[in-house]
file coords.txt (compact mmCIF, C-alpha atoms)
# COMPACT_ATOMS: atom_id res chain seq x y z
CA GLN A 1 26.91 23.94 -0.27
CA LYS A 2 24.56 24.53 2.65
CA GLU A 3 24.14 21.36 4.68
CA VAL A 4 22.11 19.88 7.48
CA GLU A 5 23.71 16.92 9.21
CA GLN A 6 22.00 14.25 11.28
CA ASN A 7 23.22 10.93 12.64
CA SER A 8 21.35 8.32 10.62
CA GLY A 9 20.99 5.99 13.60
CA PRO A 10 19.25 3.83 14.40
CA LEU A 11 18.91 5.34 17.86
CA SER A 12 17.42 2.77 20.19
CA VAL A 13 15.91 3.75 23.55
CA PRO A 14 13.75 1.84 26.03
CA GLU A 15 10.14 2.81 26.54
CA GLY A 16 9.81 5.65 29.04
CA ALA A 17 13.32 7.00 28.45
CA ILE A 18 14.33 10.34 26.95
CA ALA A 19 15.30 10.23 23.28
CA SER A 20 17.73 12.93 22.16
CA LEU A 21 18.01 13.72 18.46
CA ASN A 22 20.63 16.11 17.16
CA CYS A 23 21.16 18.23 14.07
CA THR A 24 23.92 20.59 12.94
CA TYR A 25 23.70 23.11 10.12
CA SER A 26 26.25 25.00 8.08
CA ASP A 27 24.57 28.32 7.27
CA ARG A 28 25.01 30.89 10.03
CA GLY A 29 22.26 32.98 8.45
CA SER A 30 19.58 30.36 9.11
CA GLN A 31 16.76 31.80 11.21
CA SER A 32 14.17 29.05 11.50
CA PHE A 33 14.41 25.38 12.35
CA PHE A 34 11.93 22.55 12.02
CA TRP A 35 11.50 18.97 13.16
CA TYR A 36 9.43 16.48 11.18
CA ARG A 37 8.45 12.91 12.00
CA GLN A 38 8.17 10.39 9.17
CA TYR A 39 6.73 6.94 9.68
CA SER A 40 7.86 4.25 7.26
CA GLY A 41 6.09 4.63 3.92
CA LYS A 42 4.36 7.86 4.95
CA SER A 43 4.97 11.55 4.37
CA PRO A 44 6.72 13.87 6.87
CA GLU A 45 4.60 15.44 9.61
CA LEU A 46 5.62 18.71 11.27
CA ILE A 47 6.26 18.27 15.00
CA MET A 48 7.82 21.56 16.05
CA PHE A 49 9.55 24.66 14.83
CA ILE A 50 11.79 27.09 16.68
CA TYR A 51 13.06 30.51 15.71
CA SER A 52 15.00 31.82 18.68
CA ASN A 53 17.76 30.55 20.93
CA GLY A 54 16.77 28.45 23.88
CA ASP A 55 14.09 25.82 24.42
CA LYS A 56 10.58 25.38 23.13
CA GLU A 57 8.34 22.79 24.73
CA ASP A 58 5.20 21.15 23.38
CA GLY A 59 3.90 18.24 25.39
CA ARG A 60 6.53 15.50 25.49
CA PHE A 61 8.66 17.27 22.88
CA THR A 62 11.30 19.93 23.50
CA ALA A 63 13.27 21.66 20.75
CA GLN A 64 16.57 23.26 21.73
CA LEU A 65 18.46 25.78 19.62
CA ASN A 66 22.02 27.02 19.98
CA LYS A 67 22.80 29.39 17.12
CA ALA A 68 26.37 30.04 18.27
CA SER A 69 27.14 26.33 17.93
CA GLN A 70 24.82 25.92 14.91
CA TYR A 71 23.10 23.07 16.66
CA VAL A 72 19.45 22.14 17.14
CA SER A 73 18.10 19.18 19.04
CA LEU A 74 14.81 17.44 19.76
CA LEU A 75 14.14 15.76 23.08
CA ILE A 76 11.30 13.28 23.43
CA ARG A 77 10.37 12.56 27.04
CA ASP A 78 8.64 9.37 28.15
CA SER A 79 9.33 7.76 24.77
CA GLN A 80 6.64 5.42 23.48
CA PRO A 81 6.84 2.65 20.85
CA SER A 82 4.57 4.85 18.71
CA ASP A 83 7.43 7.39 18.57
CA SER A 84 9.45 4.92 16.49
CA ALA A 85 10.00 6.74 13.21
CA THR A 86 12.56 8.73 11.26
CA TYR A 87 12.98 12.31 12.45
CA LEU A 88 13.96 14.92 9.88
CA CYS A 89 15.60 18.19 10.79
CA ALA A 90 15.02 21.11 8.41
CA VAL A 91 16.63 24.52 8.38
CA ASN A 92 15.77 27.68 6.49
CA ASP A 93 18.56 28.36 4.02
CA GLY A 94 19.20 31.85 5.38
CA ARG A 95 17.36 33.81 2.71
CA GLY A 96 14.39 34.56 4.94
CA SER A 97 11.08 34.73 3.12
CA GLN A 98 12.85 34.08 -0.19
CA GLY A 99 14.50 30.97 1.10
CA ASN A 100 13.66 27.31 1.19
CA LEU A 101 14.14 24.58 3.70
CA ILE A 102 17.15 22.29 3.63
CA PHE A 103 16.41 18.84 5.02
CA GLY A 104 18.74 16.46 6.77
CA LYS A 105 18.61 12.78 5.87
CA GLY A 106 16.96 11.94 9.15
CA THR A 107 17.63 9.91 12.29
CA LYS A 108 15.78 6.63 12.72
CA LEU A 109 14.45 6.21 16.26
CA SER A 110 13.43 2.86 17.69
CA VAL A 111 11.63 2.75 21.05
CA LYS A 112 11.72 -0.72 22.58
CA PRO A 113 8.82 -1.85 24.83
CA ASP B 1 -10.93 19.76 6.23
CA GLY B 2 -7.90 21.77 5.21
CA GLY B 3 -5.01 19.91 3.73
CA ILE B 4 -2.96 18.76 0.79
CA THR B 5 -4.00 15.93 -1.48
CA GLN B 6 -1.87 14.03 -3.97
CA SER B 7 -2.96 11.57 -6.59
CA PRO B 8 -2.51 8.88 -7.50
CA LYS B 9 -1.06 7.13 -4.45
CA TYR B 10 0.79 4.62 -6.66
CA LEU B 11 1.80 5.11 -10.28
CA PHE B 12 3.49 2.79 -12.71
CA ARG B 13 5.20 4.13 -15.79
CA LYS B 14 6.66 2.44 -18.79
CA GLU B 15 9.99 3.68 -20.03
CA GLY B 16 9.58 6.54 -22.51
CA GLN B 17 6.26 7.73 -21.07
CA ASN B 18 5.49 11.08 -19.51
CA VAL B 19 3.34 10.98 -16.37
CA THR B 20 1.72 13.77 -14.36
CA LEU B 21 1.38 13.78 -10.59
CA SER B 22 -1.39 15.85 -9.07
CA CYS B 23 -1.10 18.10 -5.99
CA GLU B 24 -3.95 20.21 -4.61
CA GLN B 25 -4.12 22.29 -1.43
CA ASN B 26 -6.98 24.17 0.23
CA LEU B 27 -4.86 25.88 2.90
CA ASN B 28 -4.70 29.15 0.95
CA HIS B 29 -0.91 28.87 0.90
CA ASP B 30 1.07 30.91 -1.62
CA ALA B 31 4.09 28.60 -1.82
CA MET B 32 4.14 25.04 -3.09
CA TYR B 33 6.95 22.54 -3.54
CA TRP B 34 7.83 19.20 -5.08
CA TYR B 35 10.37 16.89 -3.47
CA ARG B 36 11.77 13.53 -4.36
CA GLN B 37 12.76 10.99 -1.69
CA ASP B 38 14.84 7.90 -2.42
CA PRO B 39 15.44 5.11 0.15
CA GLY B 40 17.87 6.24 2.83
CA GLN B 41 18.05 9.71 1.34
CA GLY B 42 16.78 13.06 2.44
CA LEU B 43 14.29 15.20 0.58
CA ARG B 44 15.59 16.73 -2.64
CA LEU B 45 13.83 19.78 -4.03
CA ILE B 46 12.65 19.47 -7.62
CA TYR B 47 10.65 22.68 -8.20
CA TYR B 48 8.97 25.30 -6.10
CA SER B 49 6.50 28.09 -6.67
CA GLN B 50 6.16 31.24 -4.58
CA ILE B 51 3.06 32.54 -6.32
CA VAL B 52 0.63 31.73 -9.12
CA ASN B 53 2.15 31.71 -12.61
CA ASP B 54 5.68 31.62 -11.25
CA PHE B 55 8.01 28.75 -10.38
CA GLN B 56 11.72 28.10 -9.93
CA LYS B 57 13.98 25.10 -10.38
CA GLY B 58 15.21 23.31 -7.33
CA ASP B 59 18.29 21.13 -6.99
CA ILE B 60 17.20 18.32 -9.33
CA ALA B 61 14.85 19.85 -11.92
CA GLU B 62 16.23 18.05 -14.98
CA GLY B 63 13.64 15.72 -16.49
CA TYR B 64 10.72 17.33 -14.66
CA SER B 65 8.28 20.12 -15.47
CA VAL B 66 5.60 21.97 -13.49
CA SER B 67 2.86 24.57 -13.89
CA ARG B 68 1.10 26.85 -11.44
CA GLU B 69 -2.02 28.16 -13.14
CA LYS B 70 -4.11 28.16 -9.96
CA LYS B 71 -3.15 28.89 -6.37
CA GLU B 72 -4.53 25.54 -5.26
CA SER B 73 -2.78 23.33 -7.81
CA PHE B 74 0.84 22.49 -8.62
CA PRO B 75 1.08 19.44 -10.91
CA LEU B 76 4.41 17.76 -11.64
CA THR B 77 5.18 16.03 -14.94
CA VAL B 78 7.89 13.41 -14.97
CA THR B 79 9.17 13.31 -18.52
CA SER B 80 10.94 10.56 -20.42
CA ALA B 81 14.13 12.60 -20.02
CA GLN B 82 14.24 11.69 -16.32
CA LYS B 83 16.46 8.62 -16.40
CA ASN B 84 15.79 7.26 -12.94
CA PRO B 85 12.29 8.35 -11.92
CA THR B 86 11.44 5.53 -9.50
CA ALA B 87 10.99 7.31 -6.16
CA PHE B 88 8.56 8.65 -3.57
CA TYR B 89 7.30 12.09 -4.65
CA LEU B 90 6.13 14.56 -2.03
CA CYS B 91 4.22 17.78 -2.54
CA ALA B 92 4.26 20.44 0.18
CA SER B 93 2.93 23.92 0.77
CA SER B 94 3.64 26.84 3.10
CA VAL B 95 2.13 30.26 3.75
CA VAL B 96 5.16 31.78 2.07
CA THR B 97 8.61 30.41 1.29
CA GLY B 98 10.89 30.03 4.31
CA ARG B 99 8.08 29.07 6.65
CA GLU B 100 6.98 25.67 7.94
CA GLN B 101 5.91 23.32 5.17
CA PHE B 102 3.05 20.85 5.26
CA PHE B 103 3.20 17.70 3.18
CA GLY B 104 0.71 15.72 1.18
CA PRO B 105 0.55 11.92 1.49
CA GLY B 106 2.91 11.34 -1.45
CA THR B 107 2.90 9.43 -4.74
CA ARG B 108 5.07 6.37 -5.20
CA LEU B 109 6.23 6.15 -8.81
CA THR B 110 7.68 2.97 -10.24
CA VAL B 111 9.14 2.58 -13.71
CA LEU B 112 8.48 -0.81 -15.26
call {"tool": "encode", "arguments": {"input": "coords.txt", "output": "structure tokens"}}
result
Amino acid sequence: QKEVEQNSGPLSVPEGAIASLNCTYSDRGSQSFFWYRQYSGKSPELIMFIYSNGDKEDGRFTAQLNKASQYVSLLIRDSQPSDSATYLCAVNDGRGSQGNLIFGKGTKLSVKP
Amino acid sequence: DGGITQSPKYLFRKEGQNVTLSCEQNLNHDAMYWYRQDPGQGLRLIYYSQIVNDFQKGDIAEGYSVSREKKESFPLTVTSAQKNPTAFYLCASSVVTGREQFFGPGTRLTVL
């Protein structure tokens, strides 16, 4: 069974700090990786996606991918209380354009003022 | 505005009833999906469709049915065979399968 694992949290960080969210996946054939933010009672919103090893930056968000370790992370710099949400990691199931996304259960982030 | 709409936002069902959840997208995406989310759980795939007039079962298809007669629409029917249907239902779409998915606002179904 292909799996995506996330620490459920809650992860608590003070305002202005860096929040680091981690995700591991089981399928070595996975080629694309996604981070979603989900506020309580709302639907998931795509934050970032990354296809190749290394870092991808978008504003305060940085996605990091290490395929050898089957590990993807999301860094949030200068965390704000409005970043408090559950963050879902999703991974392509390795079948390319025929595949679907496998979602982790999410990490709950709490940013304290 | 491009996006995905779902209706209704809240739905109440009596036991033994079938109900249909609506999902419409104007993003010109080929692929559409239905997920179920329970408290503290991840997203579980119910059905997906790669193209009009075609759809495949996901991980938890029992008790559900879908149709894809138009590119823009992918309705989900929750049948009386689904024993525990109370959940948050999410519709999503992507350009093709395997790519980033965009979600609608969701329908919260409660069985009375």
call {"tool": "interface_residues", "arguments": {"input": "coords.txt", "of": "chain A", "to": "chain B", "cutoff": "9 Å", "atoms": "all atoms listed in the file", "output": "mmCIF file with C-alpha atoms, in the coordinates of the input"}}
result
data_model
loop_
_atom_site.group_PDB
_atom_site.id
_atom_site.type_symbol
_atom_site.label_atom_id
_atom_site.label_comp_id
_atom_site.auth_asym_id
_atom_site.auth_seq_id
_atom_site.Cartn_x
_atom_site.Cartn_y
_atom_site.Cartn_z
ATOM 1 C CA SER A 8 21.350 8.320 10.620
ATOM 2 C CA SER A 32 14.170 29.050 11.500
ATOM 3 C CA PHE A 33 14.410 25.380 12.350
ATOM 4 C CA PHE A 34 11.930 22.550 12.020
ATOM 5 C CA GLY A 41 6.090 4.630 3.920
ATOM 6 C CA LYS A 42 4.360 7.860 4.950
ATOM 7 C CA SER A 43 4.970 11.550 4.370
ATOM 8 C CA PRO A 44 6.720 13.870 6.870
ATOM 9 C CA GLU A 45 4.600 15.440 9.610
ATOM 10 C CA LEU A 46 5.620 18.710 11.270
ATOM 11 C CA PHE A 49 9.550 24.660 14.830
ATOM 12 C CA LEU A 88 13.960 14.920 9.880
ATOM 13 C CA VAL A 91 16.630 24.520 8.380
ATOM 14 C CA ASN A 92 15.770 27.680 6.490
ATOM 15 C CA ASP A 93 18.560 28.360 4.020
ATOM 16 C CA GLY A 94 19.200 31.850 5.380
ATOM 17 C CA ARG A 95 17.360 33.810 2.710
ATOM 18 C CA GLY A 96 14.390 34.560 4.940
ATOM 19 C CA SER A 97 11.080 34.730 3.120
ATOM 20 C CA GLN A 98 12.850 34.080 -0.190
ATOM 21 C CA GLY A 99 14.500 30.970 1.100
ATOM 22 C CA ASN A 100 13.660 27.310 1.190
ATOM 23 C CA LEU A 101 14.140 24.580 3.700
ATOM 24 C CA ILE A 102 17.150 22.290 3.630
ATOM 25 C CA PHE A 103 16.410 18.840 5.020
ATOM 26 C CA GLY A 104 18.740 16.460 6.770
ATOM 27 C CA LYS A 105 18.610 12.780 5.870
ATOM 28 C CA GLY A 106 16.960 11.940 9.150
#
call {"tool": "closest_residue", "arguments": {"input": "coords.txt", "among": "A:Tyr36, A:Thr62, A:Leu11, A:Lys2", "to": "Asp59 of chain B", "atoms": "only C-alpha atoms"}}
result
A:Lys2
call {"tool": "axis_aligned_box", "arguments": {"input": "coords.txt", "around": "segment 61-78 of chain A", "padding_each_side": "6 Å", "output": "AutoDock Vina command-line options"}}
result
--center_x 17.9 --center_y 19.7 --center_z 21.5 --size_x 30.5 --size_y 32.7 --size_z 25.2
call {"tool": "atom_distance", "arguments": {"input": "coords.txt", "atom1": "atom CA of Asp30 of chain B", "atom2": "atom CA of Asn18 of chain B"}}
result
27.1 Å
call {"tool": "atom_distance", "arguments": {"input": "coords.txt", "atom1": "atom CA of Ala17 of chain A", "atom2": "atom CA of Gly59 of chain A"}}
result
15.0 Å
call {"tool": "closest_residue", "arguments": {"input": "coords.txt", "among": "B:Thr79, B:Tyr35, B:Val95, B:Glu72", "to": "Ile60 of chain B", "atoms": "only C-alpha atoms"}}
result
B:Tyr35
call {"tool": "closest_residue", "arguments": {"input": "coords.txt", "among": "A:Ser40, A:Ile18, A:Lys112, A:Tyr51", "to": "Val72 of chain A", "atoms": "all atoms listed in the file"}}
result
A:Tyr51
call {"tool": "closest_atom_pairs", "arguments": {"input": "coords.txt", "of": "segment 41-101 of chain B", "to": "segment 21-25 of chain B", "cutoff": "6 Å", "atoms": "all atoms listed in the file", "output": "CSV"}}
result
residue,atom,partner,partner_atom,distance
B:Glu72,CA,B:Gln25,CA,5.0
B:Ser73,CA,B:Glu24,CA,4.6
B:Phe74,CA,B:Cys23,CA,5.5
B:Pro75,CA,B:Ser22,CA,4.7
B:Leu76,CA,B:Leu21,CA,5.1
call {"tool": "residues_around", "arguments": {"input": "coords.txt", "residues": "segment 83-85 of chain B", "least_positions_apart": "2", "cutoff": "7 Å", "atoms": "all atoms listed in the file", "output": "MDAnalysis selection string"}}
result
chainID B and resid 81 87 111
call {"tool": "atom_distance", "arguments": {"input": "coords.txt", "atom1": "atom CA of Gln6 of chain A", "atom2": "atom CA of Thr24 of chain A"}}
result
6.8 Å
call {"tool": "residues_around", "arguments": {"input": "coords.txt", "residues": "Leu75 of chain A", "least_positions_apart": "5", "cutoff": "7 Å", "atoms": "all atoms listed in the file", "output": "ChimeraX atom specification"}}
result
/A:18-21,61-63
call {"tool": "write_last_selection", "arguments": {"input": "coords.txt", "atoms": "C-alpha atoms", "output": "mmCIF file, keeping the file's coordinate frame"}}
result
data_model
loop_
_atom_site.group_PDB
_atom_site.id
_atom_site.type_symbol
_atom_site.label_atom_id
_atom_site.label_comp_id
_atom_site.auth_asym_id
_atom_site.auth_seq_id
_atom_site.Cartn_x
_atom_site.Cartn_y
_atom_site.Cartn_z
ATOM 1 C CA ILE A 18 14.330 10.340 26.950
ATOM 2 C CA ALA A 19 15.300 10.230 23.280
ATOM 3 C CA SER A 20 17.730 12.930 22.160
ATOM 4 C CA LEU A 21 18.010 13.720 18.460
ATOM 5 C CA PHE A 61 8.660 17.270 22.880
ATOM 6 C CA THR A 62 11.300 19.930 23.500
ATOM 7 C CA ALA A 63 13.270 21.660 20.750
#
call {"tool": "closest_residue", "arguments": {"input": "coords.txt", "among": "B:Glu69, B:Asp38, B:Glu15, B:Asp54", "to": "Gln82 of chain B", "atoms": "all atoms listed in the file"}}
result
B:Glu15
call {"tool": "closest_residue", "arguments": {"input": "coords.txt", "among": "B:Val19, B:Leu27, B:Met32, B:Val52", "to": "Tyr64 of chain B", "atoms": "only C-alpha atoms"}}
result
B:Val19
call {"tool": "closest_residue", "arguments": {"input": "coords.txt", "among": "B:Ser7, B:Thr86, B:Ser93, B:Trp34", "to": "Ser67 of chain B", "atoms": "all atoms listed in the file"}}
result
B:Trp34
call {"tool": "build_atoms", "arguments": {"input": "coords.txt", "residues": "segment 62-83 of chain B", "atoms": "N, CA, C and O atoms", "output": "PDB file, in the frame of the given file"}}
result
ATOM      1  N   GLU B  62      16.081  18.652 -13.654  1.00  0.00           N
ATOM      2  CA  GLU B  62      16.230  18.050 -14.980  1.00  0.00           C
ATOM      3  C   GLU B  62      15.319  16.847 -15.145  1.00  0.00           C
ATOM      4  O   GLU B  62      15.318  15.924 -14.316  1.00  0.00           O
ATOM      5  N   GLY B  63      14.533  16.834 -16.227  1.00  0.00           N
ATOM      6  CA  GLY B  63      13.640  15.720 -16.490  1.00  0.00           C
ATOM      7  C   GLY B  63      12.248  15.888 -15.898  1.00  0.00           C
ATOM      8  O   GLY B  63      11.413  14.997 -16.023  1.00  0.00           O
ATOM      9  N   TYR B  64      12.017  17.029 -15.279  1.00  0.00           N
ATOM     10  CA  TYR B  64      10.720  17.330 -14.660  1.00  0.00           C
ATOM     11  C   TYR B  64      10.199  18.666 -15.188  1.00  0.00           C
ATOM     12  O   TYR B  64      10.980  19.517 -15.615  1.00  0.00           O
ATOM     13  N   SER B  65       8.871  18.830 -15.157  1.00  0.00           N
ATOM     14  CA  SER B  65       8.280  20.120 -15.470  1.00  0.00           C
ATOM     15  C   SER B  65       7.079  20.347 -14.567  1.00  0.00           C
ATOM     16  O   SER B  65       6.471  19.389 -14.066  1.00  0.00           O
ATOM     17  N   VAL B  66       6.730  21.617 -14.346  1.00  0.00           N
ATOM     18  CA  VAL B  66       5.600  21.970 -13.490  1.00  0.00           C
ATOM     19  C   VAL B  66       4.821  23.120 -14.114  1.00  0.00           C
ATOM     20  O   VAL B  66       5.269  23.763 -15.059  1.00  0.00           O
ATOM     21  N   SER B  67       3.644  23.376 -13.557  1.00  0.00           N
ATOM     22  CA  SER B  67       2.860  24.570 -13.890  1.00  0.00           C
ATOM     23  C   SER B  67       2.175  25.042 -12.632  1.00  0.00           C
ATOM     24  O   SER B  67       1.970  24.265 -11.691  1.00  0.00           O
ATOM     25  N   ARG B  68       1.830  26.311 -12.590  1.00  0.00           N
ATOM     26  CA  ARG B  68       1.100  26.850 -11.440  1.00  0.00           C
ATOM     27  C   ARG B  68       0.088  27.860 -11.972  1.00  0.00           C
ATOM     28  O   ARG B  68       0.241  29.068 -11.872  1.00  0.00           O
ATOM     29  N   GLU B  69      -0.978  27.325 -12.540  1.00  0.00           N
ATOM     30  CA  GLU B  69      -2.020  28.160 -13.140  1.00  0.00           C
ATOM     31  C   GLU B  69      -3.064  28.587 -12.115  1.00  0.00           C
ATOM     32  O   GLU B  69      -3.779  29.575 -12.311  1.00  0.00           O
ATOM     33  N   LYS B  70      -3.174  27.836 -11.032  1.00  0.00           N
ATOM     34  CA  LYS B  70      -4.110  28.160  -9.960  1.00  0.00           C
ATOM     35  C   LYS B  70      -3.368  28.099  -8.626  1.00  0.00           C
ATOM     36  O   LYS B  70      -2.433  27.306  -8.458  1.00  0.00           O
ATOM     37  N   LYS B  71      -3.811  28.871  -7.673  1.00  0.00           N
ATOM     38  CA  LYS B  71      -3.150  28.890  -6.370  1.00  0.00           C
ATOM     39  C   LYS B  71      -3.206  27.517  -5.707  1.00  0.00           C
ATOM     40  O   LYS B  71      -2.287  27.113  -5.008  1.00  0.00           O
ATOM     41  N   GLU B  72      -4.298  26.793  -5.956  1.00  0.00           N
ATOM     42  CA  GLU B  72      -4.530  25.540  -5.260  1.00  0.00           C
ATOM     43  C   GLU B  72      -3.781  24.353  -5.852  1.00  0.00           C
ATOM     44  O   GLU B  72      -3.686  23.304  -5.231  1.00  0.00           O
ATOM     45  N   SER B  73      -3.254  24.487  -7.069  1.00  0.00           N
ATOM     46  CA  SER B  73      -2.780  23.330  -7.810  1.00  0.00           C
ATOM     47  C   SER B  73      -1.354  23.503  -8.303  1.00  0.00           C
ATOM     48  O   SER B  73      -0.982  24.573  -8.816  1.00  0.00           O
ATOM     49  N   PHE B  74      -0.566  22.426  -8.196  1.00  0.00           N
ATOM     50  CA  PHE B  74       0.840  22.490  -8.620  1.00  0.00           C
ATOM     51  C   PHE B  74       1.227  21.119  -9.170  1.00  0.00           C
ATOM     52  O   PHE B  74       1.939  20.343  -8.535  1.00  0.00           O
ATOM     53  N   PRO B  75       0.783  20.764 -10.359  1.00  0.00           N
ATOM     54  CA  PRO B  75       1.080  19.440 -10.910  1.00  0.00           C
ATOM     55  C   PRO B  75       2.525  19.302 -11.369  1.00  0.00           C
ATOM     56  O   PRO B  75       3.132  20.270 -11.845  1.00  0.00           O
ATOM     57  N   LEU B  76       3.040  18.096 -11.243  1.00  0.00           N
ATOM     58  CA  LEU B  76       4.410  17.760 -11.640  1.00  0.00           C
ATOM     59  C   LEU B  76       4.367  16.734 -12.759  1.00  0.00           C
ATOM     60  O   LEU B  76       3.716  15.699 -12.618  1.00  0.00           O
ATOM     61  N   THR B  77       5.055  17.008 -13.856  1.00  0.00           N
ATOM     62  CA  THR B  77       5.180  16.030 -14.940  1.00  0.00           C
ATOM     63  C   THR B  77       6.580  15.445 -14.915  1.00  0.00           C
ATOM     64  O   THR B  77       7.572  16.182 -14.913  1.00  0.00           O
ATOM     65  N   VAL B  78       6.631  14.130 -14.876  1.00  0.00           N
ATOM     66  CA  VAL B  78       7.890  13.410 -14.970  1.00  0.00           C
ATOM     67  C   VAL B  78       8.057  13.001 -16.418  1.00  0.00           C
ATOM     68  O   VAL B  78       7.261  12.208 -16.939  1.00  0.00           O
ATOM     69  N   THR B  79       9.035  13.556 -17.089  1.00  0.00           N
ATOM     70  CA  THR B  79       9.170  13.310 -18.520  1.00  0.00           C
ATOM     71  C   THR B  79      10.080  12.112 -18.786  1.00  0.00           C
ATOM     72  O   THR B  79      10.774  11.622 -17.882  1.00  0.00           O
ATOM     73  N   SER B  80      10.097  11.696 -20.040  1.00  0.00           N
ATOM     74  CA  SER B  80      10.940  10.560 -20.420  1.00  0.00           C
ATOM     75  C   SER B  80      12.424  10.900 -20.305  1.00  0.00           C
ATOM     76  O   SER B  80      13.275  10.011 -20.332  1.00  0.00           O
ATOM     77  N   ALA B  81      12.736  12.183 -20.171  1.00  0.00           N
ATOM     78  CA  ALA B  81      14.130  12.600 -20.020  1.00  0.00           C
ATOM     79  C   ALA B  81      14.684  12.305 -18.627  1.00  0.00           C
ATOM     80  O   ALA B  81      15.905  12.332 -18.428  1.00  0.00           O
ATOM     81  N   GLN B  82      13.790  12.029 -17.680  1.00  0.00           N
ATOM     82  CA  GLN B  82      14.240  11.690 -16.320  1.00  0.00           C
ATOM     83  C   GLN B  82      14.642  10.220 -16.333  1.00  0.00           C
ATOM     84  O   GLN B  82      13.799   9.329 -16.471  1.00  0.00           O
ATOM     85  N   LYS B  83      15.930   9.970 -16.177  1.00  0.00           N
ATOM     86  CA  LYS B  83      16.460   8.620 -16.400  1.00  0.00           C
ATOM     87  C   LYS B  83      16.202   7.653 -15.268  1.00  0.00           C
ATOM     88  O   LYS B  83      16.214   6.437 -15.460  1.00  0.00           O
TER      89      LYS B  83
END
